$ cat my_file22.cif   # mmCIF, C-alpha atoms
data_final
#
loop_
_atom_site.label_atom_id
_atom_site.label_comp_id
_atom_site.auth_asym_id
_atom_site.auth_seq_id
_atom_site.Cartn_x
_atom_site.Cartn_y
_atom_site.Cartn_z
CA MET A 616 -5.04 1.76 -17.71
CA ASN A 617 -4.46 2.36 -14.01
CA ALA A 618 -1.07 4.09 -14.23
CA ALA A 619 -0.14 7.70 -13.54
CA ARG A 620 1.92 9.93 -15.80
CA PRO A 621 5.47 8.47 -15.98
CA SER A 622 7.74 9.84 -13.27
CA GLY A 623 10.99 8.81 -14.95
CA VAL A 624 11.83 6.62 -11.95
CA ILE A 625 12.65 2.93 -12.42
CA THR A 626 13.20 0.52 -9.54
CA ILE A 627 15.03 -2.76 -10.06
CA THR A 628 14.56 -5.89 -7.94
CA THR A 629 16.57 -9.03 -8.75
CA ASP A 630 18.28 -12.09 -7.31
CA PHE A 631 21.50 -11.20 -9.17
CA GLY A 632 23.54 -10.17 -6.13
CA HIS A 633 26.58 -7.98 -6.77
CA GLN A 634 29.01 -10.58 -8.08
CA GLY A 635 29.42 -9.82 -11.75
CA PRO A 636 28.10 -7.05 -14.01
CA PHE A 637 24.48 -8.14 -14.37
CA ALA A 638 22.71 -5.39 -12.40
CA GLY A 639 25.04 -2.75 -13.81
CA VAL A 640 24.48 -3.86 -17.38
CA MET A 641 20.72 -3.63 -16.91
CA LYS A 642 21.15 -0.01 -15.83
CA GLY A 643 23.36 0.69 -18.80
CA CYS A 644 20.72 -0.63 -21.18
CA ILE A 645 18.08 1.54 -19.53
CA LEU A 646 20.22 4.65 -19.78
CA SER A 647 21.08 3.91 -23.42
CA ARG A 648 17.39 4.30 -24.25
CA PHE A 649 16.40 6.85 -21.64
CA ALA A 650 19.33 8.94 -20.46
CA ASP A 651 17.23 10.88 -17.96
CA ALA A 652 16.00 7.80 -16.12
CA ARG A 653 16.38 7.80 -12.36
CA ILE A 654 17.22 4.24 -11.39
CA ILE A 655 16.82 2.90 -7.86
CA ASP A 656 18.08 -0.49 -6.71
CA LEU A 657 15.28 -1.80 -4.54
CA THR A 658 17.33 -4.92 -3.84
CA HIS A 659 19.52 -7.40 -5.69
CA GLU A 660 19.65 -9.75 -2.70
CA ILE A 661 16.43 -11.71 -3.21
CA VAL A 662 17.12 -15.35 -2.42
CA VAL A 663 17.96 -16.94 -5.76
CA HIS A 664 15.17 -18.51 -7.79
CA TRP A 665 12.38 -17.52 -5.35
CA PRO A 666 9.99 -15.01 -6.96
CA ALA A 667 7.78 -15.01 -3.86
CA GLU A 668 10.27 -12.96 -1.86
CA ALA A 669 10.57 -10.39 -4.64
CA GLY A 670 6.79 -10.08 -4.81
CA PHE A 671 6.58 -9.72 -1.03
CA TRP A 672 9.00 -6.80 -0.95
CA LEU A 673 7.67 -5.13 -4.07
CA ALA A 674 4.09 -5.15 -2.77
CA ARG A 675 5.22 -3.48 0.46
CA ALA A 676 7.81 -1.06 -0.89
CA PHE A 677 6.39 0.42 -4.10
CA ALA A 678 4.16 2.97 -2.32
CA TYR A 679 7.26 4.82 -1.09
CA PHE A 680 8.02 5.83 -4.69
CA PRO A 681 6.32 8.52 -6.76
CA ALA A 682 3.24 7.68 -8.76
CA GLY A 683 4.19 6.74 -12.30
CA THR A 684 7.24 4.72 -11.24
CA VAL A 685 8.13 1.62 -13.26
CA HIS A 686 9.09 -1.33 -11.07
CA VAL A 687 11.13 -4.01 -12.83
CA ALA A 688 11.55 -7.32 -11.00
CA VAL A 689 13.71 -10.06 -12.50
CA VAL A 690 13.72 -13.25 -10.45
CA ASP A 691 13.34 -15.59 -13.33
CA PRO A 692 14.22 -19.29 -12.98
CA GLY A 693 12.27 -19.91 -16.20
CA VAL A 694 14.24 -17.44 -18.31
CA GLY A 695 14.41 -18.53 -21.94
CA THR A 696 11.48 -20.93 -21.65
CA SER A 697 7.89 -20.43 -22.78
CA ARG A 698 6.98 -18.58 -19.57
CA ASP A 699 5.24 -15.28 -20.23
CA ILE A 700 6.27 -11.76 -19.31
CA ILE A 701 3.62 -9.46 -17.91
CA VAL A 702 3.06 -5.78 -17.22
CA VAL A 703 0.69 -4.83 -14.41
CA ALA A 704 -0.73 -1.34 -13.96
CA ALA A 705 -2.04 -0.82 -10.42
CA ALA A 706 -2.29 1.93 -7.82
CA GLY A 707 -0.75 4.47 -10.19
CA HIS A 708 2.39 2.40 -10.76
CA ILE A 709 3.66 -0.01 -13.43
CA PHE A 710 5.10 -3.42 -12.56
CA PHE A 711 7.09 -5.47 -15.08
CA ALA A 712 8.17 -9.06 -14.36
CA PRO A 713 8.08 -12.69 -15.50
CA ASP A 714 4.69 -14.33 -15.08
CA ASN A 715 5.89 -16.76 -12.43
CA GLY A 716 3.90 -15.65 -9.40
CA LEU A 717 6.08 -12.66 -8.64
CA LEU A 718 3.36 -10.06 -9.28
CA ALA A 719 0.50 -12.06 -7.77
CA PRO A 720 0.69 -10.15 -4.45
CA ILE A 721 0.17 -6.86 -6.28
CA VAL A 722 -2.91 -8.15 -8.10
CA THR A 723 -4.26 -9.71 -4.90
CA ARG A 724 -4.02 -6.37 -3.13
CA TYR A 725 -5.33 -4.38 -6.10
CA PRO A 726 -7.97 -6.48 -7.88
CA GLU A 727 -8.69 -3.59 -10.27
CA ALA A 728 -5.16 -3.99 -11.69
CA ALA A 729 -4.79 -4.21 -15.47
CA ILE A 730 -2.62 -7.12 -16.66
CA VAL A 731 -0.95 -7.18 -20.08
CA ARG A 732 0.93 -10.14 -21.53
CA LEU A 733 3.97 -9.14 -23.59
CA THR A 734 3.73 -10.27 -27.23
CA PRO A 735 6.47 -11.00 -29.79
CA ALA A 736 5.05 -8.22 -31.97
CA ALA A 737 5.78 -5.69 -29.23
CA LEU A 738 9.39 -6.83 -29.04
CA VAL A 739 9.81 -6.28 -32.76
CA ARG A 740 8.07 -2.91 -32.55
CA PHE A 741 10.64 -1.67 -30.05
CA GLY A 742 13.65 -3.11 -31.84
CA ILE A 743 14.14 -6.20 -29.72
CA GLU A 744 14.61 -8.97 -32.25
CA ARG A 745 17.33 -11.06 -30.64
CA ALA A 746 17.20 -11.76 -26.92
CA SER A 747 19.61 -14.14 -25.24
CA ALA A 748 18.17 -17.27 -23.67
CA THR A 749 19.64 -16.47 -20.26
CA PHE A 750 19.59 -12.69 -19.68
CA HIS A 751 16.17 -11.22 -20.37
CA GLY A 752 16.88 -8.61 -17.69
CA ARG A 753 19.30 -6.99 -20.11
CA ASP A 754 17.67 -7.81 -23.43
CA ILE A 755 13.94 -7.38 -22.70
CA PHE A 756 13.17 -5.92 -19.30
CA ALA A 757 15.69 -3.08 -19.30
CA PRO A 758 14.89 -1.63 -22.76
CA LEU A 759 11.13 -1.88 -22.32
CA ALA A 760 11.32 -0.41 -18.83
CA ALA A 761 13.07 2.57 -20.41
CA GLU A 762 10.29 2.92 -22.98
CA LEU A 763 7.63 2.81 -20.26
CA ALA A 764 9.42 5.22 -17.93
CA SER A 765 10.08 7.72 -20.69
CA GLY A 766 6.42 7.76 -21.68
CA ARG A 767 7.13 6.58 -25.19
CA CYS A 768 4.83 3.62 -24.62
CA THR A 769 2.16 2.47 -22.22
CA PRO A 770 1.46 -1.03 -20.89
CA ALA A 771 -1.31 -1.38 -23.49
CA ASP A 772 1.29 -0.92 -26.25
CA LEU A 773 3.20 -4.00 -25.14
CA GLY A 774 0.69 -6.75 -25.72
CA GLU A 775 -2.74 -8.07 -25.01
CA ARG A 776 -4.90 -7.64 -21.96
CA VAL A 777 -5.39 -10.79 -19.89
CA ARG A 778 -7.38 -11.49 -16.75
CA THR A 779 -5.24 -14.00 -14.92
CA LEU A 780 -1.64 -14.59 -14.01
CA VAL A 781 0.39 -17.33 -12.35
CA PRO A 782 -0.43 -17.44 -8.61
CA SER A 783 2.14 -16.80 -5.94
CA TRP A 784 4.33 -19.67 -4.79
CA VAL A 785 3.31 -18.80 -1.21
CA ASP A 786 -0.26 -18.86 0.06
CA GLU A 787 -1.72 -15.95 1.98
CA PRO A 788 -1.85 -16.50 5.77
CA THR A 789 -4.73 -18.63 7.04
CA VAL A 790 -7.10 -16.99 9.48
CA ASP A 791 -9.25 -19.05 11.86
CA ALA A 792 -8.97 -19.16 15.64
CA ASN A 793 -5.30 -18.39 15.04
CA VAL A 794 -3.40 -16.69 12.23
CA THR A 795 -0.76 -18.81 10.49
CA GLY A 796 1.78 -17.61 7.97
CA LEU A 797 5.46 -18.16 7.39
CA VAL A 798 8.89 -16.56 7.43
CA MET A 799 9.13 -14.84 4.07
CA THR A 800 12.59 -13.32 4.35
CA ILE A 801 15.51 -12.70 6.71
CA ASP A 802 17.12 -9.29 6.85
CA HIS A 803 20.75 -8.28 7.38
CA PHE A 804 20.28 -8.36 11.16
CA GLY A 805 18.89 -11.89 11.21
CA ASN A 806 15.33 -10.76 11.88
CA LEU A 807 12.69 -13.25 10.72
CA ILE A 808 10.17 -11.30 8.66
CA THR A 809 6.81 -12.98 8.12
CA ASN A 810 3.97 -12.51 5.66
CA ILE A 811 1.47 -11.83 8.48
CA ASP A 812 0.19 -8.28 8.10
CA ALA A 813 -0.59 -6.34 11.27
CA PRO A 814 -4.35 -5.98 10.63
CA LEU A 815 -4.71 -9.77 10.76
CA ILE A 816 -3.80 -9.87 14.45
CA THR A 817 -5.53 -6.77 15.83
CA ARG A 818 -8.36 -8.96 17.17
CA PHE A 819 -6.01 -10.52 19.72
CA ARG A 820 -5.84 -8.65 23.04
CA ASN A 821 -2.58 -10.35 24.07
CA PRO A 822 -1.03 -11.91 20.97
CA LEU A 823 1.66 -14.54 21.25
CA VAL A 824 3.81 -15.37 18.22
CA PHE A 825 4.97 -18.98 17.85
CA ALA A 826 7.79 -20.28 15.67
CA GLY A 827 10.19 -23.17 16.05
CA ASN A 828 8.41 -24.42 19.21
CA HIS A 829 9.00 -21.09 20.93
CA GLY A 830 6.54 -18.36 21.89
CA PHE A 831 7.32 -14.66 21.78
CA GLU A 832 5.49 -11.74 23.29
CA LEU A 833 4.62 -8.87 20.99
CA ARG A 834 6.63 -5.75 21.90
CA ARG A 835 6.88 -2.28 20.37
CA THR A 836 10.59 -2.13 19.52
CA TYR A 837 13.91 -3.95 19.91
CA GLY A 838 15.00 -1.95 22.96
CA ASP A 839 12.02 -3.18 24.97
CA VAL A 840 14.00 -6.32 25.90
CA ARG A 841 17.52 -6.96 27.11
CA PRO A 842 20.33 -7.71 24.59
CA GLY A 843 20.11 -11.35 23.59
CA ASP A 844 16.43 -11.71 24.41
CA TYR A 845 13.88 -12.65 21.75
CA LEU A 846 10.73 -10.72 20.92
CA ALA A 847 8.07 -10.29 18.26
CA LEU A 848 6.98 -6.94 16.90
CA ILE A 849 5.23 -5.23 14.01
CA ASN A 850 8.07 -3.97 11.85
CA SER A 851 8.37 -0.84 9.71
CA PHE A 852 6.65 -2.57 6.77
CA GLY A 853 3.64 -3.52 8.86
CA VAL A 854 4.23 -7.26 9.23
CA VAL A 855 4.98 -9.54 12.16
CA GLU A 856 8.69 -10.00 12.76
CA ILE A 857 10.63 -12.19 15.20
CA ALA A 858 13.85 -10.61 16.42
CA ARG A 859 16.62 -11.02 18.97
CA ALA A 860 17.88 -7.81 20.51
CA GLU A 861 21.36 -7.01 19.17
CA GLN A 862 21.73 -10.56 17.83
CA SER A 863 20.40 -12.77 15.04
CA ALA A 864 17.08 -14.48 15.65
CA ALA A 865 17.61 -16.65 12.57
CA ASP A 866 20.91 -18.01 13.89
CA GLY A 867 19.71 -18.37 17.45
CA LEU A 868 16.52 -20.22 16.56
CA GLY A 869 17.86 -22.13 13.56
CA LEU A 870 14.94 -20.96 11.42
CA SER A 871 14.93 -19.91 7.79
CA ARG A 872 12.56 -18.88 5.00
CA GLY A 873 9.42 -20.97 4.89
CA ALA A 874 9.30 -21.72 8.61
CA PRO A 875 5.68 -21.67 9.85
CA VAL A 876 4.66 -18.87 12.22
CA THR A 877 1.39 -18.77 14.20
CA VAL A 878 -0.14 -15.91 16.16
CA ARG A 879 -2.77 -16.70 18.81
CA GLU A 880 -4.25 -15.26 21.96
CA ALA A 881 -2.01 -15.65 24.99
#
$ encode --input "my_file22.cif" --output "structure tokens"
Amino acid sequence: MNAARPSGVITITTDFGHQGPFAGVMKGCILSRFADARIIDLTHEIVVHWPAEAGFWLARAFAYFPAGTVHVAVVDPGVGTSRDIIVVAAAGHIFFAPDNGLLAPIVTRYPEAAIVRLTPAALVRFGIERASATFHGRDIFAPLAAELASGRCTPADLGERVRTLVPSWVDEPTVDANVTGLVMTIDHFGNLITNIDAPLITRFRNPLVFAGNHGFELRRTYGDVRPGDYLALINSFGVVEIARAEQSAADGLGLSRGAPVTVREA
């Protein structure tokens, strides 16, 4: 399958936040099985119950990690139900998450990805016979991530190959005369980060970015405008972002996740 030799690195993405022991306990379970694991918190601040944001960040962040990294993402409003768990091998990495649309962006970007659905037999094989109904991050994802990262198993050892998975909760941007996407996430600074990738707007000579009945010129960086002024730019992850210099664009514009954003010629 399309995965490199295990690097021993595991990233964790969740909506757990830092109130309570949940993220820490996941790490403890990983280390109990694989003491040499190198664990990186990608983020635990995904908006609760929204797998789409986790998939957005994972698809744009994983390439900054060594080939052979195992990326565990637990944003799982269906925990304990009949929803499936999947492992995806793509671009030399392994991704492990509930089958709730979270990994759809990875498979969209890498159509050669191999998808495996976790089976009950695999749980038994690796000594997981009793999982709680509410904390699969601890009882399933953490121990199996350790097995994958240590090289003691491969994605193929965890179940059966499938061809499809649950689609993302958020559609890809539409491209016609304009390009229309949405605000996918808001960072610590109040910047509105969209799902519109830079290559989608290169055809515009003078792009204008519209959101909340306002238009914003595309600039290079935050310091290109005066403090308090709004702007649009291509951010460090290669997507269109709406910002307010030294202030919060989200607060100033009253916009949040899901707000439509359109880019068109000026």
$ resolve_selection --input "my_file22.cif" --expression "the PyMOL selection byres ((chain A and resi 690-694) around 12)" --output "PyMOL selection string"
chain A and resi 627-632+658-670+673+687-689+695-700+711-718+746-756
$ resolve_selection --input "my_file22.cif" --expression "the PyMOL selection byres ((chain A and resi 842) around 10)" --output "compact mmCIF listing (two decimals) with C-alpha atoms, keeping the file's coordinate frame"
# COMPACT_ATOMS: atom_id res chain seq x y z
CA TYR A 837 13.91 -3.95 19.91
CA GLY A 838 15.00 -1.95 22.96
CA ASP A 839 12.02 -3.18 24.97
CA VAL A 840 14.00 -6.32 25.90
CA ARG A 841 17.52 -6.96 27.11
CA GLY A 843 20.11 -11.35 23.59
CA ASP A 844 16.43 -11.71 24.41
CA TYR A 845 13.88 -12.65 21.75
CA ARG A 859 16.62 -11.02 18.97
CA ALA A 860 17.88 -7.81 20.51
CA GLU A 861 21.36 -7.01 19.17
CA GLN A 862 21.73 -10.56 17.83
$ closest_residue --input "my_file22.cif" --among "A:Ser783, A:Thr836, A:Ser851, A:Asn810" --to "A:Val876" --atoms "only C-alpha atoms"
A:Asn810
$ resolve_selection --input "my_file22.cif" --expression "the PyMOL selection byres ((chain A and resi 870-875) around 8)" --output "NGL selection string"
:A and (795-801 or 807 or 826-827 or 865-866 or 868-869 or 876-877)
$ write_last_selection --input "my_file22.cif" --atoms "C-alpha atoms" --output "short mmCIF file (atom, residue, chain, number, x, y, z; two decimals), in the frame of the given file"
data_model
loop_
_atom_site.label_atom_id
_atom_site.label_comp_id
_atom_site.auth_asym_id
_atom_site.auth_seq_id
_atom_site.Cartn_x
_atom_site.Cartn_y
_atom_site.Cartn_z
CA THR A 795 -0.76 -18.81 10.49
CA GLY A 796 1.78 -17.61 7.97
CA LEU A 797 5.46 -18.16 7.39
CA VAL A 798 8.89 -16.56 7.43
CA MET A 799 9.13 -14.84 4.07
CA THR A 800 12.59 -13.32 4.35
CA ILE A 801 15.51 -12.70 6.71
CA LEU A 807 12.69 -13.25 10.72
CA ALA A 826 7.79 -20.28 15.67
CA GLY A 827 10.19 -23.17 16.05
CA ALA A 865 17.61 -16.65 12.57
CA ASP A 866 20.91 -18.01 13.89
CA LEU A 868 16.52 -20.22 16.56
CA GLY A 869 17.86 -22.13 13.56
CA VAL A 876 4.66 -18.87 12.22
CA THR A 877 1.39 -18.77 14.20
#
$ residues_near_point --input "my_file22.cif" --point "(2.0, -6.3, 5.4)" --cutoff "7 Å" --atoms "only C-alpha atoms" --output "PyMOL selection string"
chain A and resi 675+810-813+852-854
